[in-house]
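Visitor: Supplied in structure tokens, the structure appears directly below.
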Amino acid sequence: MRNLKNSFFYVIIIGGFSALMYWTLLKGKTLEAGRNIISNQTETGHWNDFVSSMMHNLQHPLSILLAQIVTIILVARFFGWVCRKIGQPSVVGEIIAGVVLGPSLIGMYFPEYSALLFPKDSLGNLQFLSQVGLILFMFVIGMELDLKALRNKAHDAVVISHASIIIPFALGLGLAYFIYASFAPAGVEFISFGLFLGIAMSITAFPVLARIVQERGIHKTKLGSIVITCAAADDITAWCILAAVIAIVKAGSFMSSLYVMALAIIYVMLMLKVVRPFLKRVGDLNTTRESLNKPVVAIFFLTLLLSSYASELIGIHALFGAFMAGTIMPENSKFRNIFIEKVEDVSVIVLLPLFFVFTGLRTQIGLLNEPHLWQLAGVIITVAVAGKFFGSALAAKFVGHNWKDSLSIGALMNTRGLMELVVLNIGYDLGVLSTEIFTMMVIMALVTTFMTGPALDLINYAFRTKPTMIPEEIGNKSKYKILISFATPEKGKSLLKIANCLVKKQTGNTVVTAMHLSLSSEVHTFDVKDYEKETFLPLIAESESLNQKIITLFKISTDIDSEITETANHGDYDLLLIGLGQSIFEGTLLGKILGFTTRIINPDRFIDKITGKEGLFENSPFDERTRQIIANSKMPVGILVDKNLEEVNQVFIPIFSKEDAFLIEFAQKLIHNNGSQITVLDAVGQIKNNQAIQETVRAIEQIAPNHIMLTQDRTMKKEFLERQDLMIISLDSWKKQIASQGVWLNNTPSILIVKP
């Protein structure tokens, strides 16, 4: 009755007011009498009017800008993905994407398409939007710098960093002397051209370097620590020098630039002495995600914008102000992490690729159409590598590093990436760099960034050293070794309980390693140590309560599933334990088993999910990870489906085939080390007909009477299953039971699914 009443009201309201609107429009038509009305309709017909309207919409500045953004993001993500697959930083792919979309490729071979997507009138909007992205990015870079580490390791870092700036700067200035007459734009003084070429040779891409260090697992080594500190010092010094160079170029002479520099010093002092203490007080009061509300976020964004605006007015570029604003943010790592997350997604994913493409639109490789121009490009690359690579390496050797570490520091400091493009675009906008020199320098940035990974590999090969991923103690083959790979501390604690129950009384002859891997894109340089400490703290506390010695292993990676299997296989482990999340199984039979109120779907799809054949959850990275681990691990793998595991006292082991016999070894270990009560279900009489298994069971009963019970009762009463702490089942049998949709599975406790 109520629905009928609502429907009647809806029809009356919509119908009545629609009729009233139609009557008003008809009446309004009579008001046009005597007026000169211009109609949009043409004599060619309604379809042509529609097409004309669509073409007009396509040429609207907003439509063009949105089409540019969509195209740029898709192309940049694709090339970034390709580069990551071949072991290169994604920034290399994004730079290549910019060059591809510019006049060097698309503009050369598909000029009509390029003119349609990137008309000259639209480039102004693209430039300003990309500048906003750069401002946000430089703000993030400033926040990612660990100034505490810089202060603690300042001596060696400053020597290496400043040597890696002054040597390539001098070489760049010397190169400018020889090419000024032929390649400097008309009306540009030598001091401006030379200083910009020098600073362009001196830049190191701190964010790219930090990612490479993390992904190669050397961030916790002495080498990783010193090179990140060097890059941070390099960034700060180079940006200060760049601000001075910009001031000189804009002022027109060195003496005039002194006024600009004086204003810049006053600005920096105000930021450090006035703004920074204020922001620290605000940050101390708002360290949680909940307290960081919109008014608080507005304060920090206003600081960023005002700092950028002030530095632009002074004449040292808005990007320096953004970088400065980032460095004075509160040093609390939780606060910085929360704020970076708010800013980074928009700046890195949406806005920053616009800058790469805008740079690509300025890069015209076709202008290098003569051999001597390519020879000059080769000279520029040689000078850049010689100055940065060898300058850093020699300085590192001088302060006491061995040749391997010194050359590695040189290779890493030679990475230029995005920061180089920022400097080049500033020089191009100021009219200091010609299009030819700009193009050559972009090629140099690509080459020096691309060569970092291969150079490090070559150095490692030359010195015949390999990164040690596994502690030496783990390499002892006489010990029973368990590797726990966990995603969250809670899952890690449950896995540790199982590992402890398997080796508790064999402390002198076992090794338990707890490993946590994080994606490089999810962990920032400044909070790696804090993140590692927070991740392992609950696990270390649990190990102490269990009196179980553990080795912790933490690594930043770009391919977690491969990293897990490589670490496990390289360490020659006897058992790998991993956790399986519950949430990805909602809507499946397993979801019901785990306590979800859901419908049962086709169990074959779940089976194929576990084996990786069908890909029901192929969009889930954890699903793919589990499949890869199962397929590539050389040792037994235990997959824990955790339902709040507290103890491992009552354990149920169903045996459904002769291939399940290996599970008796787990029963033996649990009884010996933990005194667990084991119930073994001989579902099809395999134990009864297998003399070897019977002898093993009798041996267990002699040593530990009343700890193992055999049964052939397949009724699986709910009361019995609810008393169990853990069920251990083979992967093959688990798949068969899921396929049969056994009702008893609804009441299972935590489950350890074992692949032999």
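Chain labels A, B, ... are given in the sequence in which chains occur in the structure tokens; within each chain residues are numbered consecutively from 1, and ligands are likewise numbered from 1 in the order shown.
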Excluding segment 79-81 of chain A and residues on its chain fewer than 5 positions from it, collect all residues at most 9 Å away from it, counting only C-alpha atoms, and give them as a list of chain:residue names.

Guide: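 So the residues in contact are A:Leu74, A:Ile86, A:Gln88, A:Pro89, A:Ser90, A:Val91, A:Val92, A:Gly93, A:Glu94, A:Ile95, A:Ile96, A:Ala97.
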
Visitor: Which neighbours of Gly133 of chain A fall inside 6 Å, counting only C-alpha atoms, when residues of the same chain fewer than 5 positions from it are skipped, and could you give them as a count of residues only?

Guide: 3

Visitor: When you look at Gly417 of chain A with a cut-off of 6 Å (counting only C-alpha atoms), what residues show up, excluding the ones that are within fewer than 5 positions of it in the same chain? I need them as a short mmCIF file (atom, residue, chain, number, x, y, z; two decimals) with N, CA and C atoms, in the first residue's frame.

Guide:
data_model
loop_
_atom_site.label_atom_id
_atom_site.label_comp_id
_atom_site.auth_asym_id
_atom_site.auth_seq_id
_atom_site.Cartn_x
_atom_site.Cartn_y
_atom_site.Cartn_z
N ALA A 205 69.60 12.81 -9.42
CA ALA A 205 68.16 12.59 -9.18
C ALA A 205 67.99 11.83 -7.87
N ALA A 445 70.37 12.97 -20.11
CA ALA A 445 69.63 12.58 -18.90
C ALA A 445 69.12 11.16 -19.02
N THR A 449 70.69 7.99 -16.71
CA THR A 449 69.75 7.30 -15.83
C THR A 449 69.66 5.83 -16.20
#

Visitor: Report as a PyMOL selection string: the residues of segment 302-489 of chain A with a DSSP assignment of alpha helix (DSSP H), based on the backbone of this structure.

Guide: chain A and resi 302-314+318-327+333-344+352-362+371-385+391-398+403-413+417-429+435-450+452-462+489

Visitor: Restricting the output to C-alpha atoms, write the selected residues as a compact mmCIF listing (two decimals), in the first residue's frame.

Guide:
# COMPACT_ATOMS: atom_id res chain seq x y z
CA LEU A 302 49.12 27.47 2.05
CA THR A 303 52.69 27.29 3.34
CA LEU A 304 53.68 25.46 0.16
CA LEU A 305 51.92 27.92 -2.15
CA LEU A 306 53.12 31.04 -0.31
CA SER A 307 56.70 29.71 -0.24
CA SER A 308 56.57 28.97 -3.99
CA TYR A 309 55.03 32.38 -4.68
CA ALA A 310 57.65 34.19 -2.57
CA SER A 311 60.58 32.44 -4.26
CA GLU A 312 59.10 33.17 -7.70
CA LEU A 313 58.73 36.87 -6.81
CA ILE A 314 62.27 37.04 -5.45
CA ALA A 318 58.84 28.66 -7.52
CA LEU A 319 60.28 25.13 -7.44
CA PHE A 320 62.95 26.20 -4.96
CA GLY A 321 60.19 27.52 -2.71
CA ALA A 322 58.32 24.21 -2.97
CA PHE A 323 61.51 22.30 -2.13
CA MET A 324 62.17 24.61 0.81
CA ALA A 325 58.62 24.19 2.10
CA GLY A 326 59.08 20.41 2.05
CA THR A 327 62.33 20.51 4.02
CA SER A 333 57.85 10.45 10.21
CA LYS A 334 54.18 9.49 10.73
CA PHE A 335 53.07 13.01 9.88
CA ARG A 336 55.27 13.18 6.78
CA ASN A 337 54.11 9.77 5.60
CA ILE A 338 50.42 10.73 5.89
CA PHE A 339 50.96 14.06 4.12
CA ILE A 340 53.08 12.53 1.36
CA GLU A 341 50.31 10.01 0.67
CA LYS A 342 47.85 12.89 0.27
CA VAL A 343 50.08 14.71 -2.22
CA GLU A 344 52.06 12.04 -4.05
CA LEU A 352 54.06 14.71 -13.31
CA PRO A 353 53.63 12.77 -16.60
CA LEU A 354 52.38 16.06 -18.09
CA PHE A 355 55.80 17.51 -17.40
CA PHE A 356 57.56 14.62 -19.14
CA VAL A 357 55.41 15.04 -22.24
CA PHE A 358 55.80 18.82 -22.19
CA THR A 359 59.55 18.23 -22.10
CA GLY A 360 59.17 15.72 -24.93
CA LEU A 361 57.29 18.31 -27.01
CA ARG A 362 60.33 20.56 -26.69
CA PRO A 371 77.04 13.88 -37.76
CA HIS A 372 78.79 16.68 -35.88
CA LEU A 373 75.64 17.31 -33.81
CA TRP A 374 75.54 13.66 -32.69
CA GLN A 375 79.26 13.87 -31.99
CA LEU A 376 78.58 16.86 -29.74
CA ALA A 377 75.79 14.90 -28.01
CA GLY A 378 78.34 12.15 -27.39
CA VAL A 379 80.81 14.68 -25.98
CA ILE A 380 78.11 16.05 -23.63
CA ILE A 381 77.34 12.52 -22.37
CA THR A 382 81.06 11.80 -21.93
CA VAL A 383 81.66 15.03 -20.00
CA ALA A 384 78.59 14.40 -17.81
CA VAL A 385 79.66 10.84 -16.96
CA GLY A 391 84.30 12.81 -9.55
CA SER A 392 82.10 11.03 -7.01
CA ALA A 393 84.14 7.81 -7.18
CA LEU A 394 87.49 9.55 -6.62
CA ALA A 395 86.11 11.59 -3.73
CA ALA A 396 84.65 8.45 -2.14
CA LYS A 397 87.99 6.66 -2.50
CA PHE A 398 89.79 9.64 -0.96
CA TRP A 403 87.17 0.75 -5.01
CA LYS A 404 84.00 -1.29 -5.33
CA ASP A 405 81.99 1.01 -3.06
CA SER A 406 83.60 4.10 -4.58
CA LEU A 407 82.65 3.10 -8.12
CA SER A 408 79.15 2.13 -6.94
CA ILE A 409 78.74 5.56 -5.37
CA GLY A 410 79.90 7.11 -8.65
CA ALA A 411 77.40 5.06 -10.67
CA LEU A 412 74.52 5.98 -8.38
CA MET A 413 75.41 9.67 -8.18
CA GLY A 417 66.46 11.45 -14.22
CA LEU A 418 63.67 13.90 -13.52
CA MET A 419 65.77 16.48 -11.65
CA GLU A 420 67.88 17.03 -14.76
CA LEU A 421 64.76 17.70 -16.82
CA VAL A 422 63.58 20.26 -14.26
CA VAL A 423 66.84 22.20 -14.58
CA LEU A 424 66.82 21.95 -18.38
CA ASN A 425 63.27 23.26 -18.63
CA ILE A 426 64.10 26.20 -16.38
CA GLY A 427 67.05 27.02 -18.64
CA TYR A 428 64.89 26.65 -21.75
CA ASP A 429 62.15 28.90 -20.31
CA THR A 435 66.53 23.74 -28.75
CA GLU A 436 69.53 21.73 -30.02
CA ILE A 437 71.39 21.88 -26.69
CA PHE A 438 68.16 21.18 -24.81
CA THR A 439 67.59 18.04 -26.91
CA MET A 440 71.17 16.84 -26.41
CA MET A 441 70.89 17.34 -22.65
CA VAL A 442 67.60 15.39 -22.52
CA ILE A 443 69.34 12.51 -24.31
CA MET A 444 72.17 12.78 -21.77
CA ALA A 445 69.63 12.58 -18.90
CA LEU A 446 68.11 9.44 -20.43
CA VAL A 447 71.48 7.75 -21.02
CA THR A 448 72.91 8.50 -17.57
CA THR A 449 69.75 7.30 -15.83
CA PHE A 450 69.49 4.18 -17.98
CA THR A 452 72.93 3.19 -13.59
CA GLY A 453 71.56 -0.35 -13.23
CA PRO A 454 73.88 -1.99 -15.79
CA ALA A 455 76.86 -0.06 -14.35
CA LEU A 456 76.14 -1.40 -10.85
CA ASP A 457 75.80 -4.93 -12.23
CA LEU A 458 79.09 -4.57 -14.09
CA ILE A 459 80.86 -3.29 -10.95
CA ASN A 460 79.51 -6.20 -8.89
CA TYR A 461 80.59 -8.65 -11.59
CA ALA A 462 84.05 -7.10 -11.92
CA PRO A 489 52.51 -8.33 12.14

Visitor: Which residues, written as an MDAnalysis selection string, have at least one atom at most 12 Å from Glu659 of chain A, with only C-alpha atoms counted and residues fewer than 2 positions away on the same chain left out?

Guide: chainID A and resid 654:657 661:664 686:687 690 693 729:733 754:756

Visitor: With only C-alpha atoms as the basis for distance, which of A:Gly431, A:Pro119, A:Gly28, A:Gly107 is at the shortest distance from Gln68 of chain A?

Guide: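 Looking only at the distances to Gln68 of chain A, the closest residue turns out to be A:Pro119.
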
Visitor: Write out as a list of chain:residue names the residues lying within 10 Å of Gly508 of chain A, counting only C-alpha atoms and excluding same-chain residues fewer than 2 positions away.

Guide: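 The residues satisfying every condition are A:Lys479, A:Tyr480, A:Val503, A:Lys504, A:Lys505, A:Gln506, A:Thr510, A:Val511, A:Lys549.
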
Visitor: Only N, CA, C and O atoms, please: the residues just picked out, written as a PDB file, in the first residue's frame.

Guide:
ATOM      1  N   LYS A 479      71.014 -27.706   9.912  1.00  0.00           N
ATOM      2  CA  LYS A 479      69.903 -27.243  10.728  1.00  0.00           C
ATOM      3  C   LYS A 479      68.590 -27.300   9.959  1.00  0.00           C
ATOM      4  O   LYS A 479      68.564 -27.219   8.741  1.00  0.00           O
ATOM      5  N   TYR A 480      67.497 -27.468  10.731  1.00  0.00           N
ATOM      6  CA  TYR A 480      66.160 -27.421  10.142  1.00  0.00           C
ATOM      7  C   TYR A 480      65.751 -25.954  10.069  1.00  0.00           C
ATOM      8  O   TYR A 480      65.650 -25.268  11.086  1.00  0.00           O
ATOM      9  N   VAL A 503      59.510 -26.599  16.164  1.00  0.00           N
ATOM     10  CA  VAL A 503      60.951 -26.680  16.483  1.00  0.00           C
ATOM     11  C   VAL A 503      61.266 -26.316  17.933  1.00  0.00           C
ATOM     12  O   VAL A 503      62.429 -26.170  18.282  1.00  0.00           O
ATOM     13  N   LYS A 504      60.260 -26.193  18.774  1.00  0.00           N
ATOM     14  CA  LYS A 504      60.423 -25.625  20.122  1.00  0.00           C
ATOM     15  C   LYS A 504      61.557 -26.268  20.916  1.00  0.00           C
ATOM     16  O   LYS A 504      62.342 -25.582  21.582  1.00  0.00           O
ATOM     17  N   LYS A 505      61.666 -27.590  20.895  1.00  0.00           N
ATOM     18  CA  LYS A 505      62.657 -28.295  21.717  1.00  0.00           C
ATOM     19  C   LYS A 505      63.961 -28.558  20.978  1.00  0.00           C
ATOM     20  O   LYS A 505      64.827 -29.254  21.486  1.00  0.00           O
ATOM     21  N   GLN A 506      64.099 -28.008  19.798  1.00  0.00           N
ATOM     22  CA  GLN A 506      65.315 -28.211  19.012  1.00  0.00           C
ATOM     23  C   GLN A 506      66.022 -26.876  18.782  1.00  0.00           C
ATOM     24  O   GLN A 506      66.494 -26.582  17.693  1.00  0.00           O
ATOM     25  N   THR A 510      67.938 -25.544  14.969  1.00  0.00           N
ATOM     26  CA  THR A 510      66.931 -24.970  14.078  1.00  0.00           C
ATOM     27  C   THR A 510      67.204 -23.487  13.861  1.00  0.00           C
ATOM     28  O   THR A 510      67.840 -22.831  14.695  1.00  0.00           O
ATOM     29  N   VAL A 511      66.705 -22.984  12.758  1.00  0.00           N
ATOM     30  CA  VAL A 511      66.769 -21.547  12.462  1.00  0.00           C
ATOM     31  C   VAL A 511      65.401 -21.118  11.964  1.00  0.00           C
ATOM     32  O   VAL A 511      64.856 -21.709  11.033  1.00  0.00           O
ATOM     33  N   LYS A 549      64.108 -17.947  19.354  1.00  0.00           N
ATOM     34  CA  LYS A 549      65.049 -17.055  18.691  1.00  0.00           C
ATOM     35  C   LYS A 549      64.697 -16.949  17.211  1.00  0.00           C
ATOM     36  O   LYS A 549      64.447 -17.947  16.551  1.00  0.00           O
TER      37      LYS A 549
END

Visitor: Do a neighbour search on Gly492 of chain A at 9 Å with only C-alpha atoms, toss out local chain neighbours closer than 2 positions, and write the hits as a PyMOL selection string.

Guide: chain A and resi 484-490+494-497+514-516+536+538-539+578-579

Visitor: Using only C-alpha atoms, pick whichever of A:Asn674, A:Gly387, A:Arg2, A:Glu701 has the shortest atom-to-atom distance to His162 of chain A.

Guide: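 Of A:Asn674, A:Gly387, A:Arg2, A:Glu701, the one nearest His162 of chain A is A:Gly387, counting only C-alpha atoms.
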
Visitor: In terms of the shortest atom-to-atom distance over only C-alpha atoms, which of A:Ala251, A:Val245, A:Val82, A:Ala568 is closest to Lys634 of chain A?

Guide: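 Looking only at the distances to Lys634 of chain A, the closest residue turns out to be A:Ala568.
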
Visitor: Using only C-alpha atoms, can you tell me which of A:Leu145, A:Leu195, A:Leu263, A:Ile236 comes closest to Tyr180 of chain A?

Guide: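 For Tyr180 of chain A, the nearest of the given residues is A:Leu195.
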
Visitor: To one decimal in Å, tell me the separation between atom CA of Asp121 of chain A and atom CA of His60 of chain A.

Guide: 11.1 Å

Visitor: Please report the interatomic distance between atom CA of His56 of chain A and atom CA of Lys29 of chain A in Å with one decimal.

Guide: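 Going from atom CA of His56 of chain A over to atom CA of Lys29 of chain A covers 27.0 Å.
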
Visitor: Using only C-alpha atoms, which residues sit within 12 Å of Met261 of chain A once same-chain residues fewer than 5 positions away are excluded, as a list in words?

Guide: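 Selected residues are Cys240, Ile241, Leu242, Ala243, Ala244, Val245, Ile246, Ala247, Ile248, Lys250, Ala251, Phe254, Met255, Ser256, Ile266, Tyr267, Val268, Ser311, Ile314, Gly315 and Ile316 of chain A.
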
Visitor: List every residue of segment 303-525 of chain A that DSSP, applied to the backbone of this structure, assigns to strand (DSSP E or B), and report them as a short mmCIF file (atom, residue, chain, number, x, y, z; two decimals) with N, CA, C and O atoms, in the first residue's frame.

Guide:
data_model
loop_
_atom_site.label_atom_id
_atom_site.label_comp_id
_atom_site.auth_asym_id
_atom_site.auth_seq_id
_atom_site.Cartn_x
_atom_site.Cartn_y
_atom_site.Cartn_z
N TYR A 480 67.50 -27.47 10.73
CA TYR A 480 66.16 -27.42 10.14
C TYR A 480 65.75 -25.95 10.07
O TYR A 480 65.65 -25.27 11.09
N LYS A 481 65.50 -25.48 8.86
CA LYS A 481 65.32 -24.04 8.65
C LYS A 481 63.90 -23.75 8.19
O LYS A 481 63.41 -24.37 7.24
N ILE A 482 63.27 -22.80 8.86
CA ILE A 482 61.92 -22.36 8.50
C ILE A 482 61.97 -20.88 8.15
O ILE A 482 62.54 -20.07 8.89
N LEU A 483 61.36 -20.53 7.02
CA LEU A 483 61.23 -19.13 6.62
C LEU A 483 59.77 -18.72 6.74
O LEU A 483 58.89 -19.36 6.16
N ILE A 484 59.53 -17.67 7.49
CA ILE A 484 58.19 -17.10 7.62
C ILE A 484 58.15 -15.83 6.79
O ILE A 484 58.95 -14.91 7.00
N SER A 485 57.24 -15.75 5.85
CA SER A 485 57.05 -14.52 5.06
C SER A 485 55.68 -13.97 5.39
O SER A 485 54.66 -14.61 5.11
N THR A 510 67.94 -25.54 14.97
CA THR A 510 66.93 -24.97 14.08
C THR A 510 67.20 -23.49 13.86
O THR A 510 67.84 -22.83 14.69
N VAL A 511 66.71 -22.98 12.76
CA VAL A 511 66.77 -21.55 12.46
C VAL A 511 65.40 -21.12 11.96
O VAL A 511 64.86 -21.71 11.03
N VAL A 512 64.83 -20.09 12.59
CA VAL A 512 63.55 -19.53 12.16
C VAL A 512 63.81 -18.09 11.71
O VAL A 512 64.30 -17.27 12.49
N THR A 513 63.50 -17.82 10.47
CA THR A 513 63.70 -16.49 9.91
C THR A 513 62.35 -15.86 9.59
O THR A 513 61.52 -16.48 8.91
N ALA A 514 62.14 -14.67 10.08
CA ALA A 514 60.91 -13.92 9.80
C ALA A 514 61.24 -12.85 8.77
O ALA A 514 62.10 -11.99 9.02
N MET A 515 60.57 -12.89 7.65
CA MET A 515 60.87 -11.97 6.55
C MET A 515 59.64 -11.13 6.20
O MET A 515 58.53 -11.64 6.11
N HIS A 516 59.88 -9.84 6.01
CA HIS A 516 58.83 -8.93 5.53
C HIS A 516 59.37 -8.15 4.34
O HIS A 516 60.44 -7.54 4.41
N LEU A 517 58.63 -8.20 3.24
CA LEU A 517 59.00 -7.45 2.04
C LEU A 517 57.97 -6.36 1.79
O LEU A 517 56.77 -6.57 1.98
N SER A 518 58.44 -5.21 1.36
CA SER A 518 57.54 -4.10 1.03
C SER A 518 57.86 -3.60 -0.37
O SER A 518 59.01 -3.61 -0.80
N LEU A 519 56.81 -3.17 -1.07
CA LEU A 519 57.00 -2.58 -2.39
C LEU A 519 57.74 -1.26 -2.27
O LEU A 519 57.46 -0.47 -1.36
#

Visitor: Restricting the calculation to only C-alpha atoms: of A:Ile671, A:Phe169, A:Asp642, A:Glu665, which residue gets closest to Pro749 of chain A?

Guide: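 Once distances to Pro749 of chain A are computed over only C-alpha atoms, the minimum belongs to A:Asp642.
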